[in-house]
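Undergrad: So here's input15.txt, just compact mmCIF, C-alpha atoms:
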# COMPACT_ATOMS: atom_id res chain seq x y z
CA MET X 1 93.66 104.62 113.39
CA ASP X 2 94.39 104.07 117.10
CA ASP X 3 96.13 100.68 117.52
CA GLY X 4 93.87 99.97 120.51
CA ALA X 5 90.55 100.81 118.82
CA GLU X 6 88.66 98.19 116.84
CA GLU X 7 86.83 99.17 113.65
CA VAL X 8 84.22 96.73 112.37
CA LEU X 9 84.81 95.66 108.76
CA TYR X 10 81.44 95.05 107.17
CA GLY X 11 80.53 92.51 104.53
CA GLY X 12 80.14 88.76 104.26
CA VAL X 13 77.71 86.35 105.90
CA ALA X 14 79.43 83.83 108.15
CA ASN X 15 81.36 86.33 110.30
CA ALA X 16 79.19 89.41 109.79
CA GLY X 17 80.11 92.12 112.33
CA ALA X 18 82.84 90.00 113.93
CA VAL X 19 85.79 90.97 111.71
CA VAL X 20 87.57 94.10 112.92
CA ARG X 21 90.61 96.19 112.11
CA ARG X 22 92.99 97.20 114.87
CA GLY X 23 95.82 99.40 113.65
CA PRO X 24 97.79 97.56 110.94
CA HIS X 25 96.04 94.25 111.61
CA VAL X 26 92.71 92.52 111.07
CA LEU X 27 91.25 90.30 113.78
CA ARG X 28 88.70 87.67 112.83
CA PRO X 29 87.04 84.68 114.52
CA SER X 30 89.06 81.50 114.40
CA ASN X 31 87.76 78.03 113.58
CA GLU X 32 88.99 74.46 113.75
CA HIS X 33 90.96 74.97 110.54
CA SER X 34 92.61 78.29 111.46
CA SER X 35 96.05 76.77 112.04
CA SER X 36 95.98 75.24 108.56
CA ILE X 37 94.68 78.45 106.98
CA LEU X 38 97.37 80.59 108.61
CA SER X 39 100.07 78.10 107.65
CA PHE X 40 98.79 78.01 104.08
CA LEU X 41 98.75 81.81 103.82
CA GLY X 42 102.32 81.95 105.09
CA GLN X 43 103.50 79.32 102.65
CA ILE X 44 101.90 80.83 99.54
CA GLU X 45 103.35 84.19 100.54
CA ALA X 46 106.80 82.58 100.78
CA ALA X 47 106.17 81.08 97.34
CA GLY X 48 105.71 84.59 95.92
CA PHE X 49 101.92 85.09 96.08
CA ASP X 50 101.11 88.60 97.30
CA GLY X 51 97.35 88.43 96.80
CA ALA X 52 96.28 87.36 100.30
CA PRO X 53 96.70 88.68 103.85
CA SER X 54 99.99 87.98 105.59
CA PRO X 55 99.33 85.86 108.69
CA VAL X 56 100.50 87.08 112.10
CA GLY X 57 99.11 84.23 114.21
CA LEU X 58 96.44 83.46 116.77
CA ASP X 59 95.80 86.01 119.52
CA PRO X 60 95.49 85.00 123.19
CA ASP X 61 91.72 85.46 122.85
CA GLY X 62 91.71 82.91 120.01
CA ARG X 63 91.15 85.25 117.10
CA GLU X 64 93.17 85.10 113.89
CA ARG X 65 95.45 88.09 113.40
CA LEU X 66 96.37 89.10 109.83
CA VAL X 67 98.03 92.10 108.22
CA HIS X 68 95.48 94.57 106.87
CA ILE X 69 95.56 95.07 103.09
CA PRO X 70 94.78 98.65 102.00
CA GLY X 71 92.33 99.14 99.18
CA ASP X 72 88.63 99.13 98.34
CA VAL X 73 86.17 96.35 99.21
CA ALA X 74 82.71 96.49 97.65
CA ILE X 75 79.61 95.64 99.67
CA PRO X 76 75.96 95.66 98.51
CA PRO X 77 74.59 97.60 96.80
CA TYR X 78 77.60 97.07 94.56
CA PRO X 79 78.97 100.25 92.95
CA GLU X 80 79.37 100.52 89.18
CA TRP X 81 83.18 100.43 89.26
CA VAL X 82 83.24 96.87 90.61
CA GLN X 83 80.83 95.58 87.95
CA THR X 84 83.11 96.27 84.98
CA ASP X 85 84.50 93.50 82.79
CA ASP X 86 88.02 94.61 83.72
CA ALA X 87 87.29 94.17 87.42
CA LEU X 88 85.79 90.73 86.78
CA ALA X 89 88.74 89.59 84.67
CA SER X 90 91.25 90.85 87.22
CA ILE X 91 89.66 88.62 89.87
CA ALA X 92 89.92 85.59 87.57
CA VAL X 93 93.63 86.30 87.07
CA LEU X 94 94.09 86.55 90.85
CA ILE X 95 92.33 83.20 91.35
CA ARG X 96 94.65 81.61 88.78
CA ARG X 97 97.67 82.98 90.64
CA LEU X 98 96.30 81.55 93.91
CA HIS X 99 95.91 78.13 92.34
CA GLU X 100 99.42 78.26 90.90
CA ALA X 101 100.89 79.24 94.27
CA SER X 102 98.95 76.53 96.11
CA SER X 103 100.49 73.89 93.88
CA LEU X 104 103.94 74.90 95.17
CA VAL X 105 103.28 74.20 98.86
CA ASP X 106 102.81 71.01 100.85
CA THR X 107 99.23 70.93 102.17
CA ARG X 108 99.01 67.24 103.06
CA ALA X 109 98.89 67.84 106.83
CA MET X 110 96.37 70.68 106.58
CA THR X 111 92.66 70.38 107.31
CA TRP X 112 89.91 72.26 105.52
CA SER X 113 86.24 73.17 105.77
CA THR X 114 83.78 70.96 103.92
CA GLU X 115 81.01 73.58 103.72
CA MET X 116 81.76 74.81 100.18
CA VAL X 117 84.16 72.10 99.05
CA ASP X 118 84.38 70.73 95.51
CA PRO X 119 82.54 67.37 95.79
CA GLU X 120 85.10 65.79 93.45
CA GLY X 121 88.21 67.12 95.21
CA GLY X 122 91.19 68.22 93.18
CA PRO X 123 94.85 69.17 92.86
CA VAL X 124 94.87 72.78 94.12
CA ILE X 125 93.60 74.71 97.12
CA CYS X 126 90.46 76.54 96.07
CA HIS X 127 89.17 79.65 97.83
CA ASN X 128 85.53 78.60 97.27
CA ASP X 129 84.05 81.93 98.40
CA VAL X 130 85.28 84.59 95.98
CA CYS X 131 82.43 87.07 96.24
CA LEU X 132 83.00 90.80 95.84
CA GLU X 133 83.09 91.31 99.62
CA ASN X 134 86.16 89.03 99.74
CA VAL X 135 88.23 90.94 97.19
CA VAL X 136 90.44 94.00 97.72
CA PHE X 137 90.64 96.37 94.76
CA ARG X 138 92.90 99.27 93.88
CA ASP X 139 92.04 101.50 90.93
CA GLY X 140 89.27 99.11 89.94
CA ARG X 141 91.46 95.99 89.74
CA ALA X 142 91.65 93.05 92.14
CA VAL X 143 94.83 92.87 94.20
CA ALA X 144 93.99 90.47 97.03
CA LEU X 145 91.57 87.79 98.20
CA LEU X 146 90.21 87.77 101.75
CA ASP X 147 88.53 85.22 104.04
CA PHE X 148 89.94 81.75 103.44
CA ASP X 149 87.55 80.08 105.91
CA PHE X 150 86.09 77.83 103.21
CA ALA X 151 89.30 77.05 101.34
CA ALA X 152 89.76 73.38 100.49
CA SER X 153 91.24 71.03 97.92
CA GLY X 154 89.45 71.07 94.60
CA ARG X 155 89.55 71.61 90.86
CA PRO X 156 90.41 75.04 89.51
CA THR X 157 87.32 74.91 87.31
CA TYR X 158 85.07 74.36 90.34
CA ASP X 159 86.54 77.40 92.09
CA LEU X 160 85.88 79.43 88.94
CA ALA X 161 82.30 78.15 88.79
CA ALA X 162 81.72 79.17 92.41
CA PHE X 163 83.22 82.59 91.64
CA ALA X 164 81.12 82.96 88.49
CA ARG X 165 77.96 82.11 90.42
CA MET X 166 78.50 85.11 92.65
CA CYS X 167 80.27 87.61 90.42
CA VAL X 168 79.05 87.15 86.84
CA PRO X 169 76.52 86.68 88.52
CA ILE X 170 74.64 83.50 87.57
CA ASP X 171 71.29 84.72 88.83
CA ASP X 172 68.09 86.26 87.53
CA ASP X 173 67.78 90.02 87.24
CA VAL X 174 65.30 90.27 90.14
CA ASN X 175 67.63 88.68 92.69
CA ALA X 176 70.74 90.29 91.23
CA THR X 177 69.16 93.73 91.45
CA LYS X 178 68.63 93.26 95.20
CA LEU X 179 72.44 93.28 95.60
CA GLY X 180 72.85 96.26 93.30
CA TRP X 181 73.88 94.37 90.16
CA ALA X 182 73.02 96.08 86.89
CA PRO X 183 71.50 93.86 84.17
CA ALA X 184 74.37 92.12 82.39
CA ASP X 185 75.21 89.91 79.43
CA ARG X 186 75.96 86.84 81.54
CA PRO X 187 77.29 84.57 78.76
CA ARG X 188 79.74 87.30 77.74
CA ARG X 189 80.87 87.88 81.33
CA LEU X 190 81.31 84.15 81.94
CA ARG X 191 83.40 83.95 78.76
CA SER X 192 85.48 86.85 80.07
CA VAL X 193 86.20 84.88 83.26
CA CYS X 194 87.32 81.84 81.26
CA ASP X 195 89.43 83.97 78.91
CA ALA X 196 91.17 85.80 81.78
CA TYR X 197 91.99 82.56 83.58
CA GLY X 198 93.25 81.00 80.34
CA LEU X 199 90.99 77.95 80.09
CA ASP X 200 90.96 75.64 77.10
CA THR X 201 87.76 74.27 75.54
CA GLY X 202 87.56 71.22 77.79
CA GLU X 203 88.13 73.27 80.93
CA ARG X 204 85.38 75.70 79.89
CA THR X 205 83.03 72.73 79.66
CA ASP X 206 84.09 71.71 83.18
CA VAL X 207 83.18 75.18 84.48
CA LEU X 208 79.71 74.93 82.94
CA GLU X 209 79.22 71.43 84.34
CA SER X 210 80.37 72.57 87.80
CA LEU X 211 77.92 75.47 87.99
CA ASP X 212 75.00 73.33 89.18
CA ALA X 213 77.04 71.92 92.07
CA ALA X 214 78.37 75.35 93.00
CA ILE X 215 74.87 76.86 92.93
CA ALA X 216 73.54 74.02 95.09
CA ALA X 217 76.39 74.38 97.59
CA GLY X 218 75.86 78.13 97.82
CA GLY X 219 72.12 77.74 98.38
CA GLU X 220 72.64 75.11 101.07
CA PHE X 221 75.22 77.30 102.80
CA VAL X 222 72.83 80.26 102.95
CA ARG X 223 69.98 78.04 104.17
CA ARG X 224 72.08 76.63 107.03
CA HIS X 225 73.23 80.03 108.21
CA VAL X 226 69.76 81.58 107.97
CA GLU X 227 68.32 78.71 110.00
CA ALA X 228 71.09 79.26 112.55
CA GLY X 229 70.03 82.90 112.84
CA GLU X 230 73.28 84.27 111.43
Using the file provided, produce a representation of the structure as structure tokens.

TA:
Amino acid sequence: MDDGAEEVLYGGVANAGAVVRRGPHVLRPSNEHSSSILSFLGQIEAAGFDGAPSPVGLDPDGRERLVHIPGDVAIPPYPEWVQTDDALASIAVLIRRLHEASSLVDTRAMTWSTEMVDPEGGPVICHNDVCLENVVFRDGRAVALLDFDFAASGRPTYDLAAFARMCVPIDDDVNATKLGWAPADRPRRLRSVCDAYGLDTGERTDVLESLDAAIAAGGEFVRRHVEAGE
């Protein structure tokens, strides 16, 4: 595409309509934590993690500039190919790799959003918003995570619970159908997430116990943004 033309990239809630592609880059609204997010992305890339956008920096107009990652991003109504068990498991593996990479970098001076944060905190940097719109796929498998606006310190099991809430999904068939989800065996899909990440029995219990908090945080997030007219 023309390097000077901006193409809107659809999907998501918080920055709906405001994320654009210009040539090889993506421009997105910045926030008070953008410097930390860009630094974090650069450091995990240097540590060998290739599953997130490469940061370019902040533009003169204040927007974040990142390298565009080619691939497929699913938006509602979700297509069948993104609802497979293989697609789900590949995201869980990518989340594990993110957590492993985050443990290799020094994040002590970084600041993070508190909107979707694990209320108990934790040892890794969690994405906290791994919905299908924030995942890049190639050939039906997850290759990259997008939108680190709500990243923050937390427990790996909480990040998995937040992911499971949106992508198993932990919802009733009526609401899930509105997004295009086909009826699914949710216990089996949740087990697939835990298997792919490599959780032991105790960690699986932690995921189950974290689901209520993740569901509450997600509901409160949506309520705030709806009330704000976003």

Undergrad: Counting all atoms listed in the file, find residues at most 10 Å from (94.9, 71.0, 89.7) (file frame) and give them as a list in words.

TA: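 In the file's frame, the residues around the point are His99, Glu100, Ser102, Ser103, Gly121, Gly122, Pro123, Val124, Ile125, Cys126, Ser153, Gly154, Arg155, Pro156 and Thr157 of chain X.
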
Undergrad: Contacts of region 46-61 of chain X at 10 Å or less, counting all atoms listed in the file, minus same-chain residues fewer than 2 places along, as a PyMOL selection string?

TA: chain X and resi 25-30+34-35+37-44+63-69+94-95+97-105+135-136+142-148

Undergrad: Any idea what's packed within 12 Å of Arg186 (chain X), counting all atoms listed in the file, ignoring anything in its chain fewer than 5 positions away? Could you give it as a VMD selection string?

TA: chain X and resid 83 85 88 164 to 173 176 181 191 to 193

Undergrad: Which one is closest to Trp112 (chain X): X:Gly229, X:Ile215, X:His33, X:Cys194? Count all atoms listed in the file.

TA: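 That would be X:His33, the residue with the smallest distance to Trp112 (chain X).
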
Undergrad: Between X:Arg223, X:Val130, X:Arg138, X:Thr84, which has the minimum distance to Asp185 (chain X) (counting only C-alpha atoms)?

TA: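 Nearest to Asp185 (chain X): X:Thr84.
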
Undergrad: Between X:Glu133, X:Asp149, X:Glu220, X:Asp206, which residue has the minimum interatomic distance to Thr111 (chain X), considering only C-alpha atoms?

TA: X:Asp149

Undergrad: Find, counting all atoms listed in the file, the residue in X:Gly218, X:Pro76, X:Ala184, X:Arg189 that gets nearest to Asn128 (chain X).

TA: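 Looking only at the distances to Asn128 (chain X), the closest residue turns out to be X:Gly218.
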
Undergrad: Please measure the separation of CA of Asp212 (chain X) and CA of Ser36 (chain X), giving the value in Å to one decimal.

TA: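 Computing it gives 28.6 Å between the two atoms.
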
Undergrad: Considering all atoms listed in the file, can you say which of X:Gly180, X:Gly4, X:Gly198, X:Gly140 comes closest to Ile75 (chain X)?

TA: X:Gly180

Undergrad: Do you know which residues lie at most 12 Å from (75.9, 77.1, 103.1), with coordinates as in the file and all atoms listed in the file counted, and could you write them as a ChimeraX atom specification?

TA: /X:13-14,113-117,128-129,150,214-228,230

Undergrad: Counting all atoms listed in the file, which of X:Arg108, X:Leu211, X:Asp139, X:Arg96 gets nearest to Tyr197 (chain X)?

TA: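 With all atoms listed in the file as the atom set, the closest residue is X:Arg96.
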
Undergrad: So how many Å separate CA of Tyr78 (chain X) and CA of Val20 (chain X), to one decimal?

TA: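 We find that CA of Tyr78 (chain X) and CA of Val20 (chain X) lie 21.1 Å from each other.
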
Undergrad: Take CA of Ala5 (chain X) and CA of Asp72 (chain X) and report the distance between them in Å, one decimal.

TA: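 Value for the CA of Ala5 (chain X)-CA of Asp72 (chain X) distance: 20.6 Å.
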